[in-house]
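Peer 1: What follows is upload.cif; its format and atoms are mmCIF, N, CA and C atoms.
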data_upload
#
loop_
_atom_site.group_PDB
_atom_site.id
_atom_site.type_symbol
_atom_site.label_atom_id
_atom_site.label_comp_id
_atom_site.auth_asym_id
_atom_site.auth_seq_id
_atom_site.Cartn_x
_atom_site.Cartn_y
_atom_site.Cartn_z
ATOM 1 N N MET O 468 -5.547 -40.946 -45.222
ATOM 2 C CA MET O 468 -4.427 -40.987 -44.333
ATOM 3 C C MET O 468 -4.363 -39.699 -43.539
ATOM 4 N N SER O 469 -4.032 -39.781 -42.300
ATOM 5 C CA SER O 469 -3.993 -38.645 -41.383
ATOM 6 C C SER O 469 -2.693 -37.874 -41.556
ATOM 7 N N SER O 470 -2.773 -36.555 -41.397
ATOM 8 C CA SER O 470 -1.588 -35.711 -41.528
ATOM 9 C C SER O 470 -0.780 -35.668 -40.231
ATOM 10 N N GLY O 471 -1.257 -36.243 -39.175
ATOM 11 C CA GLY O 471 -0.544 -36.276 -37.907
ATOM 12 C C GLY O 471 -0.851 -35.078 -37.013
ATOM 13 N N ARG O 472 -1.599 -34.106 -37.497
ATOM 14 C CA ARG O 472 -1.962 -32.956 -36.670
ATOM 15 C C ARG O 472 -3.251 -33.246 -35.932
ATOM 16 N N VAL O 473 -3.300 -32.786 -34.725
ATOM 17 C CA VAL O 473 -4.518 -32.936 -33.931
ATOM 18 C C VAL O 473 -5.274 -31.626 -34.003
ATOM 19 N N GLN O 474 -6.511 -31.701 -34.400
ATOM 20 C CA GLN O 474 -7.319 -30.491 -34.475
ATOM 21 C C GLN O 474 -8.100 -30.324 -33.185
ATOM 22 N N ARG O 475 -8.115 -29.080 -32.722
ATOM 23 C CA ARG O 475 -8.957 -28.796 -31.555
ATOM 24 C C ARG O 475 -10.386 -28.649 -32.030
ATOM 25 N N ARG O 476 -11.291 -29.020 -31.176
ATOM 26 C CA ARG O 476 -12.696 -28.907 -31.553
ATOM 27 C C ARG O 476 -13.402 -28.037 -30.520
ATOM 28 N N ASP O 477 -14.349 -27.266 -31.002
ATOM 29 C CA ASP O 477 -15.096 -26.424 -30.080
ATOM 30 C C ASP O 477 -16.207 -27.239 -29.422
ATOM 31 N N VAL O 478 -17.042 -26.584 -28.641
ATOM 32 C CA VAL O 478 -18.074 -27.291 -27.879
ATOM 33 C C VAL O 478 -19.103 -27.982 -28.761
ATOM 34 N N ARG O 479 -19.237 -27.541 -29.990
ATOM 35 C CA ARG O 479 -20.198 -28.184 -30.889
ATOM 36 C C ARG O 479 -19.576 -29.324 -31.676
ATOM 37 N N GLY O 480 -18.294 -29.582 -31.447
ATOM 38 C CA GLY O 480 -17.632 -30.664 -32.165
ATOM 39 C C GLY O 480 -17.039 -30.238 -33.480
ATOM 40 N N GLN O 481 -17.126 -28.933 -33.787
ATOM 41 C CA GLN O 481 -16.576 -28.410 -35.036
ATOM 42 C C GLN O 481 -15.082 -28.133 -34.856
ATOM 43 N N PRO O 482 -14.297 -28.282 -35.918
ATOM 44 C CA PRO O 482 -12.873 -27.963 -35.805
ATOM 45 C C PRO O 482 -12.689 -26.496 -35.419
ATOM 46 N N SER O 483 -11.795 -26.240 -34.504
ATOM 47 C CA SER O 483 -11.527 -24.896 -34.018
ATOM 48 C C SER O 483 -10.426 -24.278 -34.865
ATOM 49 N N SER O 484 -10.576 -23.028 -35.201
ATOM 50 C CA SER O 484 -9.573 -22.370 -36.042
ATOM 51 C C SER O 484 -8.426 -21.848 -35.194
ATOM 52 N N HIS O 485 -7.352 -21.490 -35.865
ATOM 53 C CA HIS O 485 -6.176 -20.941 -35.195
ATOM 54 C C HIS O 485 -6.516 -19.594 -34.556
ATOM 55 N N ILE O 486 -7.393 -18.839 -35.166
ATOM 56 C CA ILE O 486 -7.794 -17.527 -34.646
ATOM 57 C C ILE O 486 -8.487 -17.692 -33.298
ATOM 58 N N ASP O 487 -9.304 -18.727 -33.158
ATOM 59 C CA ASP O 487 -9.966 -18.961 -31.874
ATOM 60 C C ASP O 487 -8.930 -19.207 -30.782
ATOM 61 N N GLY O 488 -7.888 -19.933 -31.113
ATOM 62 C CA GLY O 488 -6.827 -20.183 -30.143
ATOM 63 C C GLY O 488 -6.112 -18.904 -29.750
ATOM 64 N N LEU O 489 -5.878 -18.020 -30.724
ATOM 65 C CA LEU O 489 -5.242 -16.734 -30.425
ATOM 66 C C LEU O 489 -6.139 -15.862 -29.563
ATOM 67 N N ASN O 490 -7.438 -15.886 -29.858
ATOM 68 C CA ASN O 490 -8.378 -15.107 -29.045
ATOM 69 C C ASN O 490 -8.392 -15.607 -27.606
ATOM 70 N N GLU O 491 -8.336 -16.905 -27.440
ATOM 71 C CA GLU O 491 -8.316 -17.488 -26.093
ATOM 72 C C GLU O 491 -7.042 -17.090 -25.361
ATOM 73 N N ASP O 492 -5.904 -17.135 -26.083
ATOM 74 C CA ASP O 492 -4.636 -16.729 -25.473
ATOM 75 C C ASP O 492 -4.662 -15.253 -25.084
ATOM 76 N N LEU O 493 -5.229 -14.421 -25.948
ATOM 77 C CA LEU O 493 -5.327 -12.999 -25.663
ATOM 78 C C LEU O 493 -6.210 -12.751 -24.450
ATOM 79 N N TYR O 494 -7.312 -13.468 -24.352
ATOM 80 C CA TYR O 494 -8.209 -13.331 -23.205
ATOM 81 C C TYR O 494 -7.483 -13.704 -21.913
ATOM 82 N N MET O 495 -6.715 -14.769 -21.919
ATOM 83 C CA MET O 495 -5.992 -15.184 -20.718
ATOM 84 C C MET O 495 -4.928 -14.150 -20.347
ATOM 85 N N PHE O 496 -4.250 -13.582 -21.359
ATOM 86 C CA PHE O 496 -3.246 -12.553 -21.102
ATOM 87 C C PHE O 496 -3.896 -11.325 -20.470
ATOM 88 N N GLN O 497 -5.051 -10.916 -21.011
ATOM 89 C CA GLN O 497 -5.753 -9.759 -20.453
ATOM 90 C C GLN O 497 -6.217 -10.031 -19.032
ATOM 91 N N ALA O 498 -6.672 -11.242 -18.753
ATOM 92 C CA ALA O 498 -7.116 -11.583 -17.407
ATOM 93 C C ALA O 498 -5.953 -11.496 -16.419
ATOM 94 N N LYS O 499 -4.767 -11.965 -16.828
ATOM 95 C CA LYS O 499 -3.593 -11.899 -15.947
ATOM 96 C C LYS O 499 -3.162 -10.460 -15.720
ATOM 97 N N THR O 500 -3.135 -9.663 -16.789
ATOM 98 C CA THR O 500 -2.708 -8.273 -16.623
ATOM 99 C C THR O 500 -3.731 -7.478 -15.818
ATOM 100 N N ASP O 501 -5.014 -7.770 -15.967
ATOM 101 C CA ASP O 501 -6.030 -7.097 -15.159
ATOM 102 C C ASP O 501 -5.824 -7.400 -13.678
ATOM 103 N N HIS O 502 -5.512 -8.633 -13.368
ATOM 104 C CA HIS O 502 -5.278 -9.041 -11.980
ATOM 105 C C HIS O 502 -4.070 -8.293 -11.402
ATOM 106 N N ILE O 503 -3.006 -8.196 -12.192
ATOM 107 C CA ILE O 503 -1.803 -7.480 -11.743
ATOM 108 C C ILE O 503 -2.112 -5.997 -11.566
ATOM 109 N N MET O 504 -2.855 -5.414 -12.488
ATOM 110 C CA MET O 504 -3.200 -3.991 -12.391
ATOM 111 C C MET O 504 -4.060 -3.715 -11.164
ATOM 112 N N HIS O 505 -4.970 -4.604 -10.825
ATOM 113 C CA HIS O 505 -5.786 -4.421 -9.621
ATOM 114 C C HIS O 505 -4.917 -4.454 -8.369
ATOM 115 N N LYS O 506 -3.951 -5.349 -8.336
ATOM 116 C CA LYS O 506 -3.046 -5.423 -7.185
ATOM 117 C C LYS O 506 -2.199 -4.157 -7.075
ATOM 118 N N LEU O 507 -1.673 -3.682 -8.205
ATOM 119 C CA LEU O 507 -0.878 -2.452 -8.189
ATOM 120 C C LEU O 507 -1.719 -1.259 -7.749
ATOM 121 N N PHE O 508 -2.941 -1.173 -8.237
ATOM 122 C CA PHE O 508 -3.832 -0.083 -7.849
ATOM 123 C C PHE O 508 -4.097 -0.118 -6.344
ATOM 124 N N ALA O 509 -4.380 -1.294 -5.807
ATOM 125 C CA ALA O 509 -4.636 -1.423 -4.365
ATOM 126 C C ALA O 509 -3.400 -1.035 -3.559
ATOM 127 N N PHE O 510 -2.212 -1.419 -4.030
ATOM 128 C CA PHE O 510 -0.981 -1.068 -3.325
ATOM 129 C C PHE O 510 -0.786 0.442 -3.304
ATOM 130 N N PHE O 511 -0.977 1.113 -4.444
ATOM 131 C CA PHE O 511 -0.774 2.558 -4.500
ATOM 132 C C PHE O 511 -1.812 3.305 -3.673
ATOM 133 N N VAL O 512 -3.047 2.837 -3.634
ATOM 134 C CA VAL O 512 -4.059 3.466 -2.784
ATOM 135 C C VAL O 512 -3.665 3.314 -1.316
ATOM 136 N N PHE O 513 -3.221 2.128 -0.929
ATOM 137 C CA PHE O 513 -2.770 1.898 0.448
ATOM 138 C C PHE O 513 -1.593 2.804 0.789
ATOM 139 N N ALA O 514 -0.621 2.919 -0.118
ATOM 140 C CA ALA O 514 0.551 3.765 0.131
ATOM 141 C C ALA O 514 0.155 5.234 0.246
ATOM 142 N N LEU O 515 -0.786 5.685 -0.564
ATOM 143 C CA LEU O 515 -1.239 7.066 -0.507
ATOM 144 C C LEU O 515 -1.947 7.358 0.810
ATOM 145 N N VAL O 516 -2.807 6.465 1.247
ATOM 146 C CA VAL O 516 -3.502 6.640 2.525
ATOM 147 C C VAL O 516 -2.505 6.647 3.676
ATOM 148 N N ALA O 517 -1.529 5.753 3.649
ATOM 149 C CA ALA O 517 -0.511 5.706 4.697
ATOM 150 C C ALA O 517 0.305 6.993 4.723
ATOM 151 N N ALA O 518 0.651 7.528 3.566
ATOM 152 C CA ALA O 518 1.422 8.773 3.504
ATOM 153 C C ALA O 518 0.642 9.933 4.108
ATOM 154 N N PHE O 519 -0.657 10.021 3.818
ATOM 155 C CA PHE O 519 -1.473 11.086 4.407
ATOM 156 C C PHE O 519 -1.614 10.917 5.914
ATOM 157 N N MET O 520 -1.710 9.690 6.370
ATOM 158 C CA MET O 520 -1.823 9.456 7.817
ATOM 159 C C MET O 520 -0.533 9.857 8.525
ATOM 160 N N ILE O 521 0.608 9.534 7.939
ATOM 161 C CA ILE O 521 1.886 9.895 8.543
ATOM 162 C C ILE O 521 2.068 11.411 8.532
ATOM 163 N N ALA O 522 1.720 12.058 7.428
ATOM 164 C CA ALA O 522 1.850 13.510 7.342
ATOM 165 C C ALA O 522 0.939 14.197 8.356
ATOM 166 N N GLY O 523 -0.260 13.672 8.551
ATOM 167 C CA GLY O 523 -1.184 14.236 9.528
ATOM 168 C C GLY O 523 -0.679 14.069 10.948
ATOM 169 N N ALA O 524 -0.052 12.947 11.242
ATOM 170 C CA ALA O 524 0.462 12.702 12.584
ATOM 171 C C ALA O 524 1.645 13.620 12.886
ATOM 172 N N GLN O 525 2.460 13.927 11.889
ATOM 173 C CA GLN O 525 3.615 14.794 12.097
ATOM 174 C C GLN O 525 3.198 16.236 12.338
ATOM 175 N N SER O 526 2.099 16.683 11.780
ATOM 176 C CA SER O 526 1.682 18.073 11.932
ATOM 177 C C SER O 526 1.023 18.339 13.277
ATOM 178 N N ASN O 527 0.672 17.340 14.037
ATOM 179 C CA ASN O 527 0.006 17.509 15.317
ATOM 180 C C ASN O 527 0.969 17.398 16.483
ATOM 181 N N CYS O 528 2.198 17.837 16.313
ATOM 182 C CA CYS O 528 3.177 17.718 17.392
ATOM 183 C C CYS O 528 3.569 19.104 17.899
ATOM 184 N N LEU O 529 4.165 19.143 19.084
ATOM 185 C CA LEU O 529 4.601 20.397 19.701
ATOM 186 C C LEU O 529 5.960 20.793 19.138
ATOM 187 N N SER O 530 6.114 22.048 18.797
ATOM 188 C CA SER O 530 7.367 22.522 18.202
ATOM 189 C C SER O 530 8.464 22.627 19.250
ATOM 190 N N ASP O 531 9.685 22.839 18.790
ATOM 191 C CA ASP O 531 10.853 22.956 19.653
ATOM 192 C C ASP O 531 10.690 24.167 20.573
ATOM 193 N N GLY O 532 10.860 23.978 21.881
ATOM 194 C CA GLY O 532 10.732 25.052 22.868
ATOM 195 C C GLY O 532 9.349 25.165 23.480
ATOM 196 N N ALA O 533 8.376 24.395 23.002
ATOM 197 C CA ALA O 533 7.019 24.455 23.543
ATOM 198 C C ALA O 533 6.951 23.742 24.890
ATOM 199 N N ALA O 534 5.973 24.137 25.715
ATOM 200 C CA ALA O 534 5.773 23.477 27.007
ATOM 201 C C ALA O 534 5.236 22.075 26.774
ATOM 202 N N CYS O 535 5.692 21.129 27.608
ATOM 203 C CA CYS O 535 5.277 19.734 27.433
ATOM 204 C C CYS O 535 5.276 19.006 28.772
ATOM 205 N N GLN O 536 4.677 17.856 28.800
ATOM 206 C CA GLN O 536 4.725 16.941 29.946
ATOM 207 C C GLN O 536 5.374 15.655 29.454
ATOM 208 N N SER O 537 6.199 15.051 30.276
ATOM 209 C CA SER O 537 6.919 13.852 29.841
ATOM 210 C C SER O 537 5.991 12.668 29.580
ATOM 211 N N ASP O 538 4.780 12.713 30.160
ATOM 212 C CA ASP O 538 3.830 11.621 29.917
ATOM 213 C C ASP O 538 3.009 11.831 28.641
ATOM 214 N N GLY O 539 3.224 12.968 27.969
ATOM 215 C CA GLY O 539 2.519 13.236 26.714
ATOM 216 C C GLY O 539 1.116 13.770 26.894
ATOM 217 N N SER O 540 0.734 14.159 28.108
ATOM 218 C CA SER O 540 -0.637 14.611 28.355
ATOM 219 C C SER O 540 -0.941 15.948 27.669
ATOM 220 N N ILE O 541 0.046 16.805 27.467
ATOM 221 C CA ILE O 541 -0.165 18.061 26.755
ATOM 222 C C ILE O 541 -0.084 17.825 25.251
ATOM 223 N N GLY O 542 0.764 16.923 24.840
ATOM 224 C CA GLY O 542 0.988 16.610 23.439
ATOM 225 C C GLY O 542 2.374 16.014 23.292
ATOM 226 N N ASN O 543 2.685 15.548 22.132
ATOM 227 C CA ASN O 543 3.994 14.953 21.875
ATOM 228 C C ASN O 543 4.886 15.945 21.148
ATOM 229 N N CYS O 544 6.139 15.977 21.531
ATOM 230 C CA CYS O 544 7.118 16.855 20.894
ATOM 231 C C CYS O 544 7.486 16.308 19.517
ATOM 232 N N CYS O 545 7.664 17.224 18.566
ATOM 233 C CA CYS O 545 8.110 16.805 17.224
ATOM 234 C C CYS O 545 9.486 16.158 17.297
ATOM 235 N N SER O 546 10.315 16.632 18.216
ATOM 236 C CA SER O 546 11.657 16.069 18.372
ATOM 237 C C SER O 546 11.613 14.697 19.036
ATOM 238 N N GLY O 547 10.490 14.403 19.712
ATOM 239 C CA GLY O 547 10.360 13.120 20.401
ATOM 240 C C GLY O 547 10.951 13.131 21.801
ATOM 241 N N PHE O 548 11.358 14.321 22.315
ATOM 242 C CA PHE O 548 11.982 14.395 23.637
ATOM 243 C C PHE O 548 11.458 15.603 24.389
ATOM 244 N N CYS O 549 10.933 15.369 25.578
ATOM 245 C CA CYS O 549 10.461 16.422 26.473
ATOM 246 C C CYS O 549 11.382 16.441 27.693
ATOM 247 N N LEU O 550 12.088 17.557 27.895
ATOM 248 C CA LEU O 550 12.998 17.706 29.039
ATOM 249 C C LEU O 550 12.203 18.310 30.192
ATOM 250 N N GLN O 551 11.966 17.498 31.220
ATOM 251 C CA GLN O 551 11.156 17.938 32.356
ATOM 252 C C GLN O 551 11.850 17.520 33.636
ATOM 253 N N TYR O 552 12.024 18.474 34.539
ATOM 254 C CA TYR O 552 12.622 18.184 35.842
ATOM 255 C C TYR O 552 11.508 18.039 36.860
ATOM 256 N N VAL O 553 11.607 17.021 37.698
ATOM 257 C CA VAL O 553 10.616 16.784 38.743
ATOM 258 C C VAL O 553 11.332 16.880 40.085
ATOM 259 N N GLU O 554 10.843 17.818 40.925
ATOM 260 C CA GLU O 554 11.422 17.970 42.249
ATOM 261 C C GLU O 554 10.643 17.091 43.214
ATOM 262 N N PRO O 555 11.327 16.412 44.117
ATOM 263 C CA PRO O 555 10.644 15.552 45.074
ATOM 264 C C PRO O 555 9.656 16.338 45.937
ATOM 265 N N GLY O 556 8.472 15.789 46.112
ATOM 266 C CA GLY O 556 7.448 16.385 46.961
ATOM 267 C C GLY O 556 6.647 17.479 46.287
ATOM 268 N N LEU O 557 6.991 17.888 45.093
ATOM 269 C CA LEU O 557 6.256 18.938 44.396
ATOM 270 C C LEU O 557 5.614 18.358 43.138
ATOM 271 N N HIS O 558 4.622 19.069 42.690
ATOM 272 C CA HIS O 558 4.012 18.665 41.419
ATOM 273 C C HIS O 558 4.999 18.960 40.299
ATOM 274 N N ALA O 559 4.926 18.180 39.282
ATOM 275 C CA ALA O 559 5.839 18.361 38.156
ATOM 276 C C ALA O 559 5.498 19.646 37.409
ATOM 277 N N THR O 560 6.504 20.435 37.145
ATOM 278 C CA THR O 560 6.312 21.634 36.337
ATOM 279 C C THR O 560 6.478 21.251 34.877
ATOM 280 N N PRO O 561 5.827 22.000 33.990
ATOM 281 C CA PRO O 561 5.966 21.655 32.570
ATOM 282 C C PRO O 561 7.419 21.745 32.123
ATOM 283 N N GLY O 562 7.763 20.871 31.214
ATOM 284 C CA GLY O 562 9.100 20.882 30.638
ATOM 285 C C GLY O 562 9.074 21.604 29.299
ATOM 286 N N THR O 563 10.135 21.424 28.538
ATOM 287 C CA THR O 563 10.202 22.031 27.203
ATOM 288 C C THR O 563 10.615 20.972 26.185
ATOM 289 N N CYS O 564 10.056 21.132 24.999
ATOM 290 C CA CYS O 564 10.435 20.234 23.911
ATOM 291 C C CYS O 564 11.821 20.622 23.425
ATOM 292 N N THR O 565 12.680 19.645 23.320
ATOM 293 C CA THR O 565 14.042 19.901 22.863
ATOM 294 C C THR O 565 14.591 18.648 22.226
ATOM 295 N N TYR O 566 15.750 18.775 21.632
ATOM 296 C CA TYR O 566 16.435 17.625 21.051
ATOM 297 C C TYR O 566 17.411 17.070 22.075
ATOM 298 N N LYS O 567 17.576 15.766 22.114
ATOM 299 C CA LYS O 567 18.553 15.158 23.018
ATOM 300 C C LYS O 567 19.947 15.589 22.586
ATOM 301 N N SER O 568 20.779 15.886 23.574
ATOM 302 C CA SER O 568 22.147 16.263 23.212
ATOM 303 C C SER O 568 23.144 15.293 23.792
#
Please express what this file holds, its structure, as structure tokens.
Peer 2:
Amino acid sequence: MSSGRVQRRDVRGQPSSHIDGLNEDLYMFQAKTDHIMHKLFAFFVFALVAAFMIAGAQSNCLSDGAACQSDGSIGNCCSGFCLQYVEPGLHATPGTCTYKS
């Protein structure tokens, strides 16, 4: 008479033990966590590269009071604003980097 339990069988047709099932579960858990860890690693590498790119872009700007051109041909002001007056009929004279007031 059957006990009502279904036994798992391995590829050779032999009954599979409970330990084999635990090993399989552990392998699947490790595979999932490895996948998550790879994604986290890729995200942190991307964030680190982006942070260095932003820091590098900020250091290449003209300081407050430096000469500038409103078209950015000399460089960009750290403040983001170049105050330059253009007189009609004359070439534009350099402006100065300043903050908008």
Peer 1: When DSSP is applied to the backbone of this structure, which of segment 523-561 of chain O are assigned alpha helix (DSSP H)? Write them out as a PyMOL selection string.
Peer 2: chain O and resi 523-526
Peer 1: The selected residues should be written to file as a JSON list (two decimals), in the coordinates of the input (atoms: N, CA and C atoms).
Peer 2:
[["chain", "number", "residue", "atom", "x", "y", "z"],
["O", 523, "GLY", "N", -0.26, 13.67, 8.55],
["O", 523, "GLY", "CA", -1.18, 14.24, 9.53],
["O", 523, "GLY", "C", -0.68, 14.07, 10.95],
["O", 524, "ALA", "N", -0.05, 12.95, 11.24],
["O", 524, "ALA", "CA", 0.46, 12.70, 12.58],
["O", 524, "ALA", "C", 1.64, 13.62, 12.89],
["O", 525, "GLN", "N", 2.46, 13.93, 11.89],
["O", 525, "GLN", "CA", 3.62, 14.79, 12.10],
["O", 525, "GLN", "C", 3.20, 16.24, 12.34],
["O", 526, "SER", "N", 2.10, 16.68, 11.78],
["O", 526, "SER", "CA", 1.68, 18.07, 11.93],
["O", 526, "SER", "C", 1.02, 18.34, 13.28]]
Peer 1: Could you please determine the separation between atom CA of Val553 of chain O and atom CA of Gly539 of chain O in Å, to one decimal place?
Peer 2: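 Separating atom CA of Val553 of chain O from atom CA of Gly539 of chain O is a distance of 14.9 Å.
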Peer 1: So what do you get for atom CA of Lys567 of chain O versus atom N of Asp531 of chain O, distance-wise?
Peer 2: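 Separating atom CA of Lys567 of chain O from atom N of Asp531 of chain O is a distance of 12.5 Å.
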Peer 1: Assuming 6 Å of padding per side, give the centre and edge lengths of the axis-aligned box around every listed atom of segment 512-523 of chain O, in Å to one decimal and as JSON.
Peer 2:
{"center_x": -1.0, "center_y": 8.1, "center_z": 3.7, "size_x": 18.1, "size_y": 24.3, "size_z": 26.6}
Peer 1: Can you tell me how far atom C of Thr565 of chain O sits from atom N of Cys528 of chain O, in Å to one decimal?
Peer 2: 13.8 Å
Peer 1: Let me know the residues the PyMOL selection byres (((chain O and resi 562 and name CA) around 12) and name CA) catches in the file above, as a list in words.
Peer 2: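 With the PyMOL selection byres (((chain O and resi 562 and name CA) around 12) and name CA) on this model, the match is Leu529, Asp531, Gly532, Ala533, Ala534, Cys535, Gln536, Ser537, Asp538, Gly539, Ser540, Ile541, Gly542, Asn543, Cys544, Phe548, Cys549, Leu550, Gln551, Tyr552, Val553, Ala559, Thr560, Pro561, Thr563, Cys564 and Thr565 of chain O.
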Peer 1: If you run DSSP over the backbone, which residues in segment 490-568 of chain O end up strand (DSSP E)? Put them as a PyMOL selection string.
Peer 2: chain O and resi 534-535+549-550+562-564
